[in-house]
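Student: Have a look at this one before I ask anything.
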Amino acid sequence: MKKSISLLLVLLSAILFLTACSGGKDRSTFLREHISDYNITESAHRIVQALKPKNYHLLRVIDEEKRAAAIKMYLKPTLTLEIDNPKITAKLLDCNPTLAVDLPLRIGLYNELDGTTHLVYTNPEYWSLKHNIRDKTCIQLINLMARDLDIASDAIRKSQR
């Protein structure tokens with residue numbers, strides 16, 4: 001019995017690993033990626049505005065392109081947004097303090113050479129696996145954050161207006 005459970009866990013781990021490492025547009029089940037209809041600056045603005053009514057606050061914008069230029073490297077336009085909803089964060093950290101490595105939320109925006117702007121973030125639903133969250137209330141909060149990030153991704157598409 002223990003051998004079959006161990007074998008099952010190894011197989012599930014292998015499947016998760018292979019899924020996470022697969023290439024393509026959906027890089028993994030752990031990341032969500034969307035294409036924006038706007039430039040990188042407007043996309044960042046729209047994301048922040050879409051999350052503001054949900055009590056998210058912009059903590060910091062990191063201009064990765066400027067940081068790379070400071071060390072004489074070229075990088076396509078890339079921004080990292082750090083966004084937080086203090087109430088949700090505090091409750092999630094109470095669920096499991098290891099979530100501190102994933103909070104505040106980090107949203108990446110980057111441009112391809114053709115000018116296409118991409119939005120990418122870690123799927124919060126992955127946190128329940130990563131941090132071994134099983135509490136129903138905590139999972140509901142994680143799902144709430146996932147829905148809020150869906151709202152942010154809708155804000156960067158003209159067809160969603």
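Convention: chains lettered A, B, ... in structure tokens order; per-chain residue numbering from 1; ligands numbered from 1 as shown.
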Apply DSSP to the structure's backbone, then extract all residues of region 20-158 of chain A labelled strand (DSSP E) and return them as a PyMOL selection string.
Tutor: chain A and resi 31-36+57-63+78-84+105-111+117-122
Student: Kindly give the distance, in Å, that separates CA of Ala50 (chain A) and CA of Pro104 (chain A), rounded to a single decimal.
Tutor: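 For CA of Ala50 (chain A) relative to CA of Pro104 (chain A), the distance reads 16.7 Å.
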Student: Select, from A:Glu125, A:Thr78, A:Leu103, A:Ala69, the residue with the minimum atom-to-atom distance to Ala90 (chain A), counting only C-alpha atoms.
Tutor: A:Leu103
Student: What are the closest atom pairs, with distances in Å to one decimal, for all residues of region 21-87 of chain A lying within 12 Å of region 109-113 of chain A? Consider only C-alpha atoms, order rows by chain and residue number, and present the result as a tab-separated table.
Tutor:
```
residue	atom	partner	partner_atom	distance
A:Arg32	CA	A:Leu109	CA	11.9
A:Glu33	CA	A:Leu109	CA	9.6
A:His34	CA	A:Leu109	CA	9.6
A:Ile35	CA	A:Leu109	CA	9.5
A:Ser36	CA	A:Leu109	CA	9.2
A:Asp37	CA	A:Asn111	CA	11.6
A:Tyr38	CA	A:Asn111	CA	10.5
A:Asn39	CA	A:Asn111	CA	8.2
A:Ile40	CA	A:Leu109	CA	6.5
A:Thr41	CA	A:Leu109	CA	9.1
A:Glu42	CA	A:Leu109	CA	10.7
A:Ser43	CA	A:Leu109	CA	8.0
A:Ala44	CA	A:Leu109	CA	7.5
A:His45	CA	A:Leu109	CA	11.3
A:Arg46	CA	A:Leu109	CA	12.0
A:Ile47	CA	A:Leu109	CA	10.4
A:Val61	CA	A:Leu109	CA	10.5
A:Ile62	CA	A:Leu109	CA	10.3
A:Asp63	CA	A:Leu109	CA	9.8
A:Glu64	CA	A:Tyr110	CA	9.3
A:Glu65	CA	A:Tyr110	CA	9.5
A:Leu75	CA	A:Tyr110	CA	9.6
A:Lys76	CA	A:Asn111	CA	6.1
A:Pro77	CA	A:Asn111	CA	5.5
A:Thr78	CA	A:Tyr110	CA	4.2
A:Leu79	CA	A:Leu109	CA	5.1
A:Thr80	CA	A:Leu109	CA	6.3
A:Leu81	CA	A:Leu109	CA	8.0
A:Glu82	CA	A:Leu109	CA	11.4
```
Student: Give me the residues within 12 Å of Leu141 (chain A) as a PyMOL selection string, counting only C-alpha atoms and dropping any in the same chain fewer than 5 places off.
Tutor: chain A and resi 85+87-95+124-125+127-128+133-136+146-148
Student: Could you tell me which of A:Arg67, A:Leu59, A:Ile139, A:Arg157 comes closest to Pro86 (chain A) if we count only C-alpha atoms?
Tutor: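 Of A:Arg67, A:Leu59, A:Ile139, A:Arg157, the one nearest Pro86 (chain A) is A:Leu59, counting only C-alpha atoms.
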